[in-house]
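Peer 1: Compact mmCIF, C-alpha atoms and all ligand atoms, saved as upload05.txt, coming up:
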# COMPACT_ATOMS: atom_id res chain seq x y z
CA MET A 192 39.22 51.94 32.05
CA THR A 193 41.16 54.97 30.75
CA LYS A 194 39.33 58.02 29.41
CA GLN A 195 40.51 57.11 25.90
CA GLN A 196 39.18 53.54 26.22
CA ALA A 197 35.84 54.90 27.43
CA THR A 198 35.65 57.27 24.46
CA ASP A 199 36.53 54.44 22.03
CA ARG A 200 33.52 52.44 23.22
CA LEU A 201 31.17 55.30 22.36
CA THR A 202 31.07 54.31 18.72
CA ALA A 203 27.35 54.32 18.09
CA THR A 204 25.56 57.44 16.83
CA GLU A 205 21.86 58.16 17.08
CA VAL A 206 19.69 61.14 16.23
CA VAL A 207 17.18 62.13 18.87
CA LEU A 208 14.00 64.15 18.47
CA PRO A 209 13.84 65.80 21.93
CA GLY A 210 10.46 67.51 21.50
CA ALA A 211 8.42 69.40 18.89
CA VAL A 212 11.34 71.27 17.34
CA GLU A 213 12.55 72.72 14.06
CA PRO A 214 15.01 70.43 12.20
CA ASP A 215 17.93 72.26 13.87
CA GLY A 216 16.63 71.02 17.23
CA LEU A 217 17.49 67.39 16.39
CA GLU A 218 20.24 66.12 18.71
CA VAL A 219 23.11 63.87 17.66
CA ARG A 220 24.17 61.62 20.53
CA ARG A 221 27.00 59.15 20.89
CA GLY A 222 26.91 56.08 23.07
CA PRO A 223 27.98 52.47 23.35
CA VAL A 224 26.96 50.03 20.64
CA PRO A 225 23.80 48.29 21.93
CA ALA A 226 23.80 44.52 22.51
CA PRO A 227 20.99 42.42 21.01
CA GLY A 228 18.78 40.53 23.45
CA ARG A 229 16.96 37.20 23.00
CA GLY A 230 15.76 36.59 19.43
CA ARG A 231 17.16 39.94 18.32
CA VAL A 232 19.96 41.10 16.05
CA LEU A 233 22.21 44.14 15.86
CA LEU A 234 22.12 45.85 12.46
CA ALA A 235 24.89 48.16 11.29
CA MET A 236 22.80 50.72 9.42
CA GLU A 237 23.64 51.20 5.72
CA ALA A 238 20.65 53.39 4.81
CA THR A 239 17.66 54.88 6.57
CA GLY A 240 15.35 57.60 5.30
CA VAL A 241 13.21 60.65 5.91
CA SER A 242 9.54 59.69 5.51
CA PHE A 243 6.48 61.91 5.69
CA ALA A 244 5.85 60.35 9.12
CA GLU A 245 8.95 62.08 10.54
CA GLN A 246 7.69 65.41 9.26
CA GLN A 247 4.53 64.80 11.31
CA MET A 248 6.41 63.38 14.31
CA ARG A 249 8.71 66.37 14.67
CA ARG A 250 5.59 68.53 14.97
CA GLY A 251 4.06 66.09 17.47
CA LYS A 252 1.35 65.47 14.84
CA TYR A 253 1.76 61.80 13.92
CA TYR A 254 -1.41 59.78 14.53
CA ASP A 255 0.41 57.30 16.78
CA GLN A 256 2.84 59.93 18.13
CA PRO A 257 5.65 58.40 20.23
CA PRO A 258 6.41 60.29 23.46
CA PHE A 259 9.45 62.63 23.25
CA PRO A 260 12.38 62.12 23.37
CA PHE A 261 12.83 59.32 20.84
CA VAL A 262 14.98 58.29 17.88
CA PRO A 263 12.97 58.66 14.65
CA GLY A 264 13.44 56.47 11.59
CA TYR A 265 10.56 54.50 10.05
CA ASP A 266 12.68 51.95 8.21
CA LEU A 267 16.24 50.99 7.43
CA VAL A 268 18.57 48.66 5.56
CA GLY A 269 21.49 47.25 7.52
CA ARG A 270 23.90 44.38 7.83
CA VAL A 271 23.74 42.01 10.78
CA ALA A 272 26.75 42.68 13.02
CA ALA A 273 25.79 40.46 15.96
CA VAL A 274 22.97 38.20 17.12
CA GLY A 275 21.45 37.72 20.55
CA PRO A 276 20.63 34.41 22.24
CA GLU A 277 18.26 32.18 20.19
CA ALA A 278 18.82 34.20 16.99
CA ASP A 279 20.49 32.39 14.07
CA PRO A 280 24.27 33.09 14.07
CA GLY A 281 24.20 32.47 10.30
CA LEU A 282 22.52 35.87 9.89
CA VAL A 283 25.77 37.69 10.66
CA GLY A 284 27.10 39.53 7.62
CA HIS A 285 23.80 39.41 5.70
CA ARG A 286 21.88 42.50 4.63
CA PHE A 287 18.23 43.06 5.49
CA ALA A 288 15.48 45.66 5.42
CA VAL A 289 13.23 46.27 8.39
CA LEU A 290 10.17 48.38 9.14
CA THR A 291 10.64 49.99 12.56
CA LYS A 292 8.30 53.03 12.81
CA THR A 293 10.93 54.64 15.09
CA GLY A 294 14.59 54.02 15.87
CA GLY A 295 16.08 53.81 12.39
CA TRP A 296 18.14 57.02 12.55
CA ALA A 297 21.09 55.37 14.26
CA SER A 298 24.37 53.80 13.23
CA HIS A 299 23.45 50.60 15.11
CA VAL A 300 19.90 49.35 15.56
CA VAL A 301 18.64 46.32 17.49
CA VAL A 302 15.57 44.64 15.92
CA GLU A 303 13.68 41.37 16.17
CA ALA A 304 15.27 38.73 13.89
CA ALA A 305 11.72 37.76 12.84
CA ASP A 306 11.17 41.22 11.32
CA LEU A 307 14.09 41.01 8.85
CA VAL A 308 13.39 40.98 5.12
CA GLU A 309 16.22 39.97 2.81
CA VAL A 310 17.53 42.51 0.28
CA PRO A 311 18.68 41.09 -3.10
CA ASP A 312 22.47 41.33 -3.55
CA SER A 313 22.19 43.36 -6.74
CA VAL A 314 20.18 46.14 -5.09
CA ALA A 315 22.03 49.05 -3.44
CA SER A 316 21.10 49.73 0.19
CA ALA A 317 19.94 53.31 -0.49
CA ASP A 318 17.73 52.13 -3.36
CA ALA A 319 16.19 49.38 -1.23
CA GLU A 320 15.64 51.87 1.60
CA THR A 321 13.40 54.06 -0.53
CA LEU A 322 11.05 51.11 -1.03
CA VAL A 323 10.57 49.71 2.47
CA VAL A 324 7.64 51.65 3.96
CA ASN A 325 6.78 53.09 0.54
CA GLY A 326 6.89 49.73 -1.23
CA ILE A 327 4.88 47.84 1.39
CA THR A 328 2.26 50.61 1.50
CA ALA A 329 1.97 50.88 -2.27
CA TRP A 330 1.88 47.12 -2.88
CA GLN A 331 -0.67 46.35 -0.19
CA MET A 332 -3.01 49.20 -1.14
CA LEU A 333 -2.88 48.28 -4.82
CA HIS A 334 -3.07 44.50 -4.60
CA ARG A 335 -4.55 43.66 -1.20
CA ILE A 336 -7.06 46.52 -0.76
CA ALA A 337 -8.03 47.80 -4.21
CA ALA A 338 -7.20 44.43 -5.86
CA VAL A 339 -6.73 46.12 -9.24
CA GLU A 340 -7.04 44.23 -12.51
CA PRO A 341 -5.40 44.83 -15.91
CA GLY A 342 -7.32 47.35 -17.99
CA GLN A 343 -8.68 49.27 -15.01
CA THR A 344 -8.08 52.99 -14.41
CA VAL A 345 -6.90 54.45 -11.10
CA LEU A 346 -6.30 57.96 -9.75
CA VAL A 347 -3.21 58.48 -7.57
CA LEU A 348 -2.92 61.73 -5.59
CA GLY A 349 0.67 62.91 -5.06
CA ALA A 350 1.89 60.60 -7.82
CA ASN A 351 5.44 61.97 -7.52
CA GLY A 352 5.76 61.29 -3.76
CA GLY A 353 7.51 58.34 -2.14
CA VAL A 354 4.42 56.14 -1.91
CA GLY A 355 2.81 57.69 -4.99
CA SER A 356 5.73 57.13 -7.36
CA THR A 357 6.03 53.51 -6.24
CA LEU A 358 2.31 52.94 -6.57
CA VAL A 359 2.14 54.29 -10.10
CA GLN A 360 5.03 52.07 -11.22
CA LEU A 361 3.45 48.99 -9.67
CA ALA A 362 0.09 49.88 -11.21
CA ARG A 363 1.56 50.34 -14.68
CA HIS A 364 3.35 47.00 -14.31
CA ALA A 365 -0.03 45.43 -13.43
CA GLY A 366 -1.50 46.73 -16.70
CA VAL A 367 -3.49 49.53 -15.08
CA ARG A 368 -4.07 52.98 -16.58
CA VAL A 369 -2.95 55.69 -14.14
CA ILE A 370 -3.99 59.31 -13.76
CA GLY A 371 -1.74 61.07 -11.25
CA THR A 372 -1.94 64.45 -9.51
CA ALA A 373 1.30 66.37 -8.96
CA SER A 374 2.86 69.81 -9.29
CA PRO A 375 3.59 70.61 -12.97
CA ARG A 376 7.38 70.32 -12.48
CA HIS A 377 6.89 66.56 -12.02
CA HIS A 378 4.66 66.04 -15.06
CA ASP A 379 7.39 65.06 -17.54
CA THR A 380 8.75 62.42 -15.15
CA LEU A 381 5.25 61.06 -14.65
CA ARG A 382 4.63 60.90 -18.40
CA GLN A 383 7.83 58.86 -18.73
CA LEU A 384 6.37 56.41 -16.21
CA GLY A 385 3.26 56.09 -18.38
CA VAL A 386 1.09 58.25 -16.11
CA THR A 387 -1.35 60.92 -17.29
CA PRO A 388 -0.47 63.87 -15.03
CA VAL A 389 -2.84 66.55 -13.76
CA ASP A 390 -2.05 69.57 -11.58
CA TYR A 391 -3.78 69.32 -8.19
CA ARG A 392 -3.76 73.15 -7.87
CA ASP A 393 -5.55 73.65 -11.21
CA PRO A 394 -9.00 75.21 -10.55
CA GLY A 395 -10.33 73.13 -13.47
CA LEU A 396 -9.00 69.88 -11.95
CA HIS A 397 -12.33 68.10 -11.57
CA ALA A 398 -13.53 68.93 -15.05
CA ARG A 399 -10.19 67.64 -16.38
CA LEU A 400 -10.49 64.41 -14.37
CA ARG A 401 -14.04 63.87 -15.65
CA GLU A 402 -12.76 64.38 -19.18
CA LEU A 403 -10.06 61.74 -18.62
CA ALA A 404 -12.41 59.26 -16.92
CA PRO A 405 -16.02 60.09 -17.87
CA ASN A 406 -17.40 57.03 -16.07
CA GLY A 407 -15.18 57.45 -13.02
CA VAL A 408 -12.16 55.42 -11.95
CA ASP A 409 -11.83 51.98 -10.40
CA ALA A 410 -9.73 53.15 -7.46
CA VAL A 411 -8.53 56.39 -5.91
CA PHE A 412 -5.47 56.50 -3.62
CA ASP A 413 -5.73 59.56 -1.37
CA HIS A 414 -3.17 60.58 1.28
CA VAL A 415 -4.39 64.18 1.48
CA GLY A 416 -7.63 63.74 3.44
CA GLY A 417 -9.52 66.84 4.57
CA GLU A 418 -12.55 68.01 2.60
CA GLY A 419 -11.02 66.85 -0.69
CA ILE A 420 -11.80 63.25 0.29
CA VAL A 421 -15.39 63.91 -0.85
CA ASP A 422 -14.15 64.66 -4.37
CA SER A 423 -12.02 61.50 -4.30
CA PHE A 424 -15.05 59.38 -3.41
CA ARG A 425 -17.15 61.07 -6.13
CA MET A 426 -14.50 60.13 -8.71
CA LEU A 427 -15.22 56.41 -8.25
CA ALA A 428 -17.03 54.38 -10.87
CA PRO A 429 -19.66 51.94 -9.55
CA GLY A 430 -17.79 49.07 -7.88
CA GLY A 431 -14.77 51.32 -7.28
CA THR A 432 -12.63 51.55 -4.13
CA LEU A 433 -11.37 54.64 -2.32
CA VAL A 434 -8.14 53.89 -0.48
CA SER A 435 -7.46 56.68 1.97
CA TYR A 436 -4.13 56.49 3.78
CA GLY A 437 -3.22 59.86 5.23
CA THR A 438 -4.19 63.40 6.09
CA ALA A 439 -1.31 65.36 4.58
CA SER A 440 -3.56 68.43 4.28
CA THR A 441 -3.65 68.80 8.09
CA ARG A 442 0.12 68.39 8.73
CA ASP A 443 0.46 72.00 9.90
CA ALA A 444 -2.94 72.26 11.63
CA THR A 445 -2.99 72.90 15.37
CA GLY A 446 -4.91 70.69 17.80
CA SER A 447 -5.22 66.94 18.23
CA SER A 448 -3.10 64.73 15.98
CA LYS A 449 -5.78 62.02 16.09
CA ALA A 450 -8.86 64.14 15.29
CA PRO A 451 -8.33 64.53 11.51
CA VAL A 452 -7.78 60.76 11.08
CA LEU A 453 -10.75 59.79 13.27
CA LYS A 454 -13.01 62.24 11.43
CA LEU A 455 -11.83 60.78 8.14
CA ILE A 456 -12.39 57.19 9.23
CA GLY A 457 -15.89 58.08 10.50
CA ARG A 458 -16.72 59.52 7.11
CA LEU A 459 -15.45 56.44 5.25
CA MET A 460 -17.47 54.15 7.53
CA LEU A 461 -20.60 56.16 6.80
CA TRP A 462 -20.03 55.92 3.05
CA ASN A 463 -19.67 52.17 3.36
CA LEU A 464 -23.05 51.97 5.08
CA LEU A 465 -24.83 53.96 2.37
CA PRO A 466 -26.13 52.12 -0.73
CA ASN A 467 -23.76 53.59 -3.33
CA ALA A 468 -22.02 50.50 -4.79
CA ARG A 469 -18.62 51.88 -3.84
CA ARG A 470 -16.16 50.98 -1.07
CA ALA A 471 -14.08 53.26 1.13
CA HIS A 472 -11.12 51.93 3.07
CA PHE A 473 -8.56 53.48 5.42
CA PHE A 474 -5.22 51.75 4.94
CA ASN A 475 -2.92 51.41 7.95
CA ILE A 476 0.37 49.61 7.39
CA TRP A 477 0.31 48.40 11.02
CA ALA A 478 -3.16 46.84 10.83
CA GLY A 479 -3.07 43.21 12.02
CA LYS A 480 0.22 43.67 13.89
CA ARG A 481 -1.16 41.93 16.98
CA ARG A 482 -1.27 38.68 15.01
CA ALA A 483 2.45 38.91 14.52
CA ASP A 484 3.03 35.78 12.41
CA GLY A 485 0.46 36.64 9.74
CA PHE A 486 1.49 40.30 9.74
CA ARG A 487 5.16 39.44 9.24
CA ALA A 488 4.40 36.85 6.56
CA ARG A 489 2.35 39.35 4.51
CA LEU A 490 4.94 42.07 4.93
CA ARG A 491 7.79 39.76 3.90
CA THR A 492 5.92 38.38 0.88
CA ASP A 493 4.91 41.83 -0.36
CA LEU A 494 8.25 43.56 0.18
CA ALA A 495 10.07 40.61 -1.45
CA GLN A 496 7.93 41.13 -4.57
CA VAL A 497 8.72 44.85 -4.62
CA PHE A 498 12.46 44.16 -4.18
CA ALA A 499 12.35 41.55 -6.97
CA LEU A 500 10.78 44.10 -9.34
CA LEU A 501 13.47 46.60 -8.33
CA ALA A 502 16.23 44.05 -8.94
CA ASP A 503 14.71 43.24 -12.36
CA GLY A 504 14.62 46.93 -13.33
CA VAL A 505 10.81 46.92 -13.60
CA ILE A 506 10.51 49.68 -11.03
CA GLU A 507 13.04 52.37 -10.19
CA ALA A 508 14.13 53.73 -6.83
CA GLN A 509 14.31 57.49 -6.50
CA VAL A 510 17.06 58.62 -4.12
CA ALA A 511 16.82 62.41 -3.78
CA ALA A 512 20.06 62.73 -1.78
CA ARG A 513 22.39 60.76 0.46
CA VAL A 514 23.09 62.66 3.68
CA PRO A 515 25.40 61.50 6.52
CA LEU A 516 23.46 60.44 9.63
CA SER A 517 24.79 63.19 11.89
CA GLN A 518 23.50 65.77 9.38
CA ALA A 519 19.92 64.56 9.85
CA ALA A 520 18.74 68.15 10.40
CA GLU A 521 19.89 69.04 6.89
CA ALA A 522 18.23 65.88 5.53
CA MET A 523 14.96 66.81 7.19
CA ARG A 524 15.07 70.39 5.88
CA LEU A 525 15.73 69.05 2.40
CA ALA A 526 12.90 66.50 2.60
CA GLU A 527 10.47 69.19 3.73
CA SER A 528 11.62 71.79 1.21
CA GLY A 529 9.39 70.47 -1.56
CA THR A 530 12.31 70.93 -3.96
CA VAL A 531 13.51 67.35 -4.31
CA THR A 532 12.25 64.32 -6.19
CA GLY A 533 12.45 61.00 -4.40
CA LYS A 534 13.46 60.09 -0.87
CA VAL A 535 16.20 61.72 1.18
CA VAL A 536 18.33 58.87 2.50
CA LEU A 537 20.56 58.97 5.58
CA VAL A 538 23.77 56.98 5.29
CA PRO A 539 26.51 56.21 7.86
CA ASP A 540 28.86 59.04 8.72
CA PRO A 541 32.23 58.77 6.97
CA ALA A 542 34.78 57.12 9.25
CA ALA A 543 36.64 59.74 11.30
N1 LIG A 601 -1.48 54.83 6.32
C1 LIG A 601 -0.27 54.30 6.23
O1 LIG A 601 -0.02 53.20 6.72
C2 LIG A 601 0.81 55.06 5.55
C3 LIG A 601 2.04 54.45 5.26
C4 LIG A 601 3.00 55.20 4.58
C5 LIG A 601 2.74 56.52 4.24
N2 LIG A 601 1.54 57.08 4.57
C6 LIG A 601 1.21 58.46 4.22
O2 LIG A 601 1.47 58.61 2.86
C7 LIG A 601 1.65 59.98 2.58
C8 LIG A 601 2.78 60.15 1.59
O3 LIG A 601 4.01 59.78 2.21
P1 LIG A 601 5.35 59.92 1.38
O4 LIG A 601 6.46 59.46 2.28
O5 LIG A 601 5.15 59.32 0.05
O6 LIG A 601 5.44 61.51 1.26
P2 LIG A 601 6.25 62.40 0.20
O7 LIG A 601 7.28 61.61 -0.50
O8 LIG A 601 6.64 63.62 0.98
O9 LIG A 601 5.15 62.78 -0.88
C9 LIG A 601 4.08 63.57 -0.53
C10 LIG A 601 3.30 63.87 -1.80
O10 LIG A 601 2.09 64.52 -1.43
C11 LIG A 601 1.97 65.75 -2.12
N3 LIG A 601 1.32 66.65 -1.17
C12 LIG A 601 1.81 67.07 0.02
N4 LIG A 601 0.92 67.87 0.64
C13 LIG A 601 -0.15 67.92 -0.19
C14 LIG A 601 -1.39 68.57 -0.12
N5 LIG A 601 -1.71 69.35 0.92
N6 LIG A 601 -2.25 68.39 -1.15
C15 LIG A 601 -1.94 67.61 -2.20
N7 LIG A 601 -0.77 66.94 -2.32
C16 LIG A 601 0.10 67.11 -1.32
C17 LIG A 601 3.36 66.13 -2.52
O11 LIG A 601 3.29 66.91 -3.69
P3 LIG A 601 4.34 68.09 -4.02
O12 LIG A 601 5.66 67.46 -4.27
O13 LIG A 601 3.77 68.73 -5.20
O14 LIG A 601 4.33 68.98 -2.79
C18 LIG A 601 3.98 64.77 -2.79
O15 LIG A 601 3.62 64.29 -4.05
C19 LIG A 601 1.82 60.68 3.92
O16 LIG A 601 0.64 61.36 4.23
C20 LIG A 601 2.05 59.53 4.86
O17 LIG A 601 1.61 59.83 6.16
C21 LIG A 601 0.58 56.38 5.21
Would you kindly transcribe this structure into structure tokens?
Peer 2:
Amino acid sequence: MTKQQATDRLTATEVVLPGAVEPDGLEVRRGPVPAPGRGRVLLAMEATGVSFAEQQMRRGKYYDQPPFPFVPGYDLVGRVAAVGPEADPGLVGHRFAVLTKTGGWASHVVVEAADLVEVPDSVASADAETLVVNGITAWQMLHRIAAVEPGQTVLVLGANGGVGSTLVQLARHAGVRVIGTASPRHHDTLRQLGVTPVDYRDPGLHARLRELAPNGVDAVFDHVGGEGIVDSFRMLAPGGTLVSYGTASTRDATGSSKAPVLKLIGRLMLWNLLPNARRAHFFNIWAGKRRADGFRARLRTDLAQVFALLADGVIEAQVAARVPLSQAAEAMRLAESGTVTGKVVLVPDPAA
């Protein structure tokens, strides 16, 4: 093989997180396009995104931290370019979303065919991308864990975030009244979504929340964790459910990445044991993964409903920016800057 032929085969790009580094430490590597094995497919990536998980992973602070080096990328939308043995050849050319946890930040990604979720034709890849991990998380917390009913009131922390903004739209669609915490610059957008916004930095926050919901709320969705979880639990009306799903407040803390989550879960378990007529639940999107068939069926059903609502214009996707894959460092800086609304989406590099 000539040197030129060898170079031509190196047509796949991936972004590697080599260790706990600043965004500039991300490495862009080129290599051969991977071949799918048994039951697997090769996706040509059309959109992948920067989630909060990658912000934790690059600090080595994700609860289930993968060992360095690895390719980050919690989810992606791509088109099937090839199938391995025992995978349906009819999949080639079709577009799917997939939840990966890692590996999405690449031009070509091999995944299990069984994990693919169809994306409606009318939905753009970047729009669908913003709703994969965010949509599944929001839908399952709202409908499977809190099981909200029309006429109820819920409190959503970080209502402008990726999960939060999806959750509030799904809740409004389900006939639920929503109070949402966010920085004041997001309040107008939240009002347009039918949410009553409150500033989480306001010293009078709890008095304001009590004024808005004197008898408490039917569910609280809390990704902040830390000591504030006590206030979230206290906000519940009798019969209410606290859905805790993160510890954003400890993102920059030093020490064990598992300790804040384990402490939080211990606290929730204790509350469930006490006679207080309220429930506390820690949501983990990967719960039940060992029973793969049931896990996949739930994920597919739930994400299909979210995509259908997106296609029907009931909920909106928020793409903060589209950044070429090999500029992932810039995408990460932007996502962490706190200046954007919506999800920063990585798209394929323009053809050379
Ligand atoms: N358990 C699970 O299975 C699961 C699945 C998916 C996501 N998550 C978790 O969900 C959370 C949100 O993810 P995302 O992708 O939606 O993130 P995102 O788009 O970056 O949004 C984060 C939101 O949280 C707010 N925020 C950040 N730090 C805060 C703090 N210390 N106190 C109060 N609010 C704070 C931000 O408000 P500002 O804009 O005002 O800064 C923003 O509204 C993350 O913690 C993530 O780990 C968990």
Peer 1: Around ligand LIG 601 (chain A), at most 6 Å away and counting all atoms listed in the file, which residues are there? Put them as a list in words, please.
Peer 2: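 Protein and nucleic-acid residues within 6 Å of ligand LIG 601 (chain A): Ser242, Phe243, Ala244, Val324, Asn325, Thr328, Gly349, Ala350, Asn351, Gly352, Gly353, Val354, Gly355, Ala373, Ser374, His414, Val415, Tyr436, Gly437, Thr438, Ala439, Ser440, Phe474, Asn475, Ile476 and Gly529 of chain A.
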Peer 1: Atoms to include: C-alpha atoms. Write the selected residues as a PDB file, keeping the file's coordinate frame.
Peer 2:
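Okay, this is what ended up in again-v1.pdb:
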ATOM      1  CA  SER A 242       9.540  59.690   5.510  1.00  0.00           C
ATOM      2  CA  PHE A 243       6.480  61.910   5.690  1.00  0.00           C
ATOM      3  CA  ALA A 244       5.850  60.350   9.120  1.00  0.00           C
ATOM      4  CA  VAL A 324       7.640  51.650   3.960  1.00  0.00           C
ATOM      5  CA  ASN A 325       6.780  53.090   0.540  1.00  0.00           C
ATOM      6  CA  THR A 328       2.260  50.610   1.500  1.00  0.00           C
ATOM      7  CA  GLY A 349       0.670  62.910  -5.060  1.00  0.00           C
ATOM      8  CA  ALA A 350       1.890  60.600  -7.820  1.00  0.00           C
ATOM      9  CA  ASN A 351       5.440  61.970  -7.520  1.00  0.00           C
ATOM     10  CA  GLY A 352       5.760  61.290  -3.760  1.00  0.00           C
ATOM     11  CA  GLY A 353       7.510  58.340  -2.140  1.00  0.00           C
ATOM     12  CA  VAL A 354       4.420  56.140  -1.910  1.00  0.00           C
ATOM     13  CA  GLY A 355       2.810  57.690  -4.990  1.00  0.00           C
ATOM     14  CA  ALA A 373       1.300  66.370  -8.960  1.00  0.00           C
ATOM     15  CA  SER A 374       2.860  69.810  -9.290  1.00  0.00           C
ATOM     16  CA  HIS A 414      -3.170  60.580   1.280  1.00  0.00           C
ATOM     17  CA  VAL A 415      -4.390  64.180   1.480  1.00  0.00           C
ATOM     18  CA  TYR A 436      -4.130  56.490   3.780  1.00  0.00           C
ATOM     19  CA  GLY A 437      -3.220  59.860   5.230  1.00  0.00           C
ATOM     20  CA  THR A 438      -4.190  63.400   6.090  1.00  0.00           C
ATOM     21  CA  ALA A 439      -1.310  65.360   4.580  1.00  0.00           C
ATOM     22  CA  SER A 440      -3.560  68.430   4.280  1.00  0.00           C
ATOM     23  CA  PHE A 474      -5.220  51.750   4.940  1.00  0.00           C
ATOM     24  CA  ASN A 475      -2.920  51.410   7.950  1.00  0.00           C
ATOM     25  CA  ILE A 476       0.370  49.610   7.390  1.00  0.00           C
ATOM     26  CA  GLY A 529       9.390  70.470  -1.560  1.00  0.00           C
TER      27      GLY A 529
END
Peer 1: So, with only C-alpha atoms as the atoms that count, which of A:Asp413, A:Asp540, A:Asp393, A:Asp503 lies closest to Asp312 of chain A?
Peer 2: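 Nearest candidate to Asp312 of chain A out of A:Asp413, A:Asp540, A:Asp393, A:Asp503: A:Asp503.
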Peer 1: Of the residues A:Ala410, A:Leu516, A:Leu361, A:Val538, which is the one nearest to Arg221 of chain A, using all atoms listed in the file?
Peer 2: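 Among the listed residues, the smallest separation from Arg221 of chain A belongs to A:Leu516.
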Peer 1: Distance table requested - segment 409-525 of chain A against segment 245-264 of chain A, cut-off 7 Å, only C-alpha atoms: one row per qualifying residue with the closest atom pair and its distance in Å to one decimal, ordered by chain and rising residue number, as CSV.
Peer 2:
residue,atom,partner,partner_atom,distance
A:Arg442,CA,A:Gln247,CA,6.2
A:Ser448,CA,A:Lys252,CA,4.7
A:Lys449,CA,A:Tyr254,CA,5.2
Peer 1: Which residues of segment 320-415 of chain A sit at most 10 Å from segment 227-240 of chain A, using all atoms listed in the file? Give each one's shortest atom pair and distance in Å (one decimal place), in chain and ascending residue order, as a tab-separated table.
Peer 2:
residue	atom	partner	partner_atom	distance
A:Glu320	CA	A:Ala238	CA	6.1
A:Thr321	CA	A:Gly240	CA	7.1
A:Val323	CA	A:Gly240	CA	9.6
A:Val324	CA	A:Gly240	CA	9.8
Peer 1: Which residue out of A:Val224, A:Val219, A:Val497, A:Val408 has the minimum interatomic distance to Val206 of chain A when all atoms listed in the file are used?
Peer 2: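 Closest candidate: A:Val219.
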Peer 1: Can you list, as a ChimeraX atom specification, every protein, DNA or RNA residue that comes within 8 Å of Arg513 of chain A when you count only C-alpha atoms, leaving out same-chain residues fewer than 2 positions away?
Peer 2: /A:317,510-511,515,535-538
Peer 1: Using only the atoms of segment 388-399 of chain A listed in the file, plus 3 Å on each side, state the axis-aligned box centre and edge lengths in Å rounded to one decimal, as lines of an AutoDock Vina configuration file.
Peer 2:
center_x = -7.0
center_y = 69.5
center_z = -12.1
size_x = 19.1
size_y = 17.3
size_z = 14.5
Peer 1: In Å, how far is it from atom CA of Gly371 of chain A to atom CA of Leu459 of chain A?
Peer 2: 21.9 Å
Peer 1: Select, from A:Asp318, A:Asp409, A:Glu277, A:Asp390, the residue with the minimum atom-to-atom distance to Gly504 of chain A, counting only C-alpha atoms.
Peer 2: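 Closest to Gly504 of chain A of all the choices is A:Asp318.
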Peer 1: Select, counting all atoms listed in the file, all protein, DNA and RNA residues no farther than 10 Å from (24.8, 38.1, 5.1) in file coordinates, and express the selection as an MDAnalysis selection string.
Peer 2: chainID A and resid 270:272 281:287 309:310 312
Peer 1: From the options A:Ala428, A:Val241, A:Leu403, A:Ala305, which residue's atoms come nearest to Gly485 of chain A, counting all atoms listed in the file?
Peer 2: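 The answer is A:Ala305, which sits nearest to Gly485 of chain A.
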Peer 1: In Å, with one decimal, what is the gap from atom CA of Val268 of chain A to atom CA of Phe486 of chain A?
Peer 2: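 Taking atom CA of Val268 of chain A and atom CA of Phe486 of chain A, their separation equals 19.5 Å.
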Peer 1: Kindly indicate which residue among A:Gln496, A:Ala273, A:Gly431, A:Thr291 lies nearest to Glu340 of chain A, using all atoms listed in the file for the distances.
Peer 2: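 Closest to Glu340 of chain A of all the choices is A:Gly431.
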Peer 1: To one decimal place, how far is atom CA of Thr432 of chain A from atom CA of Val308 of chain A in Å?
Peer 2: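 Atom CA of Val308 of chain A lies 29.6 Å from atom CA of Thr432 of chain A.
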Peer 1: In the coordinates of the file, take the point (13.9, 47.7, 15.5) and a cut-off of 8 Å; then, counting all atoms listed in the file, name each qualifying protein, DNA or RNA residue as a list in words.
Peer 2: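 In the file's frame, the residues around the point are Val289, Leu290, Thr291, Thr293, Gly294, Gly295, Val300, Val301, Val302 and Glu303 of chain A.
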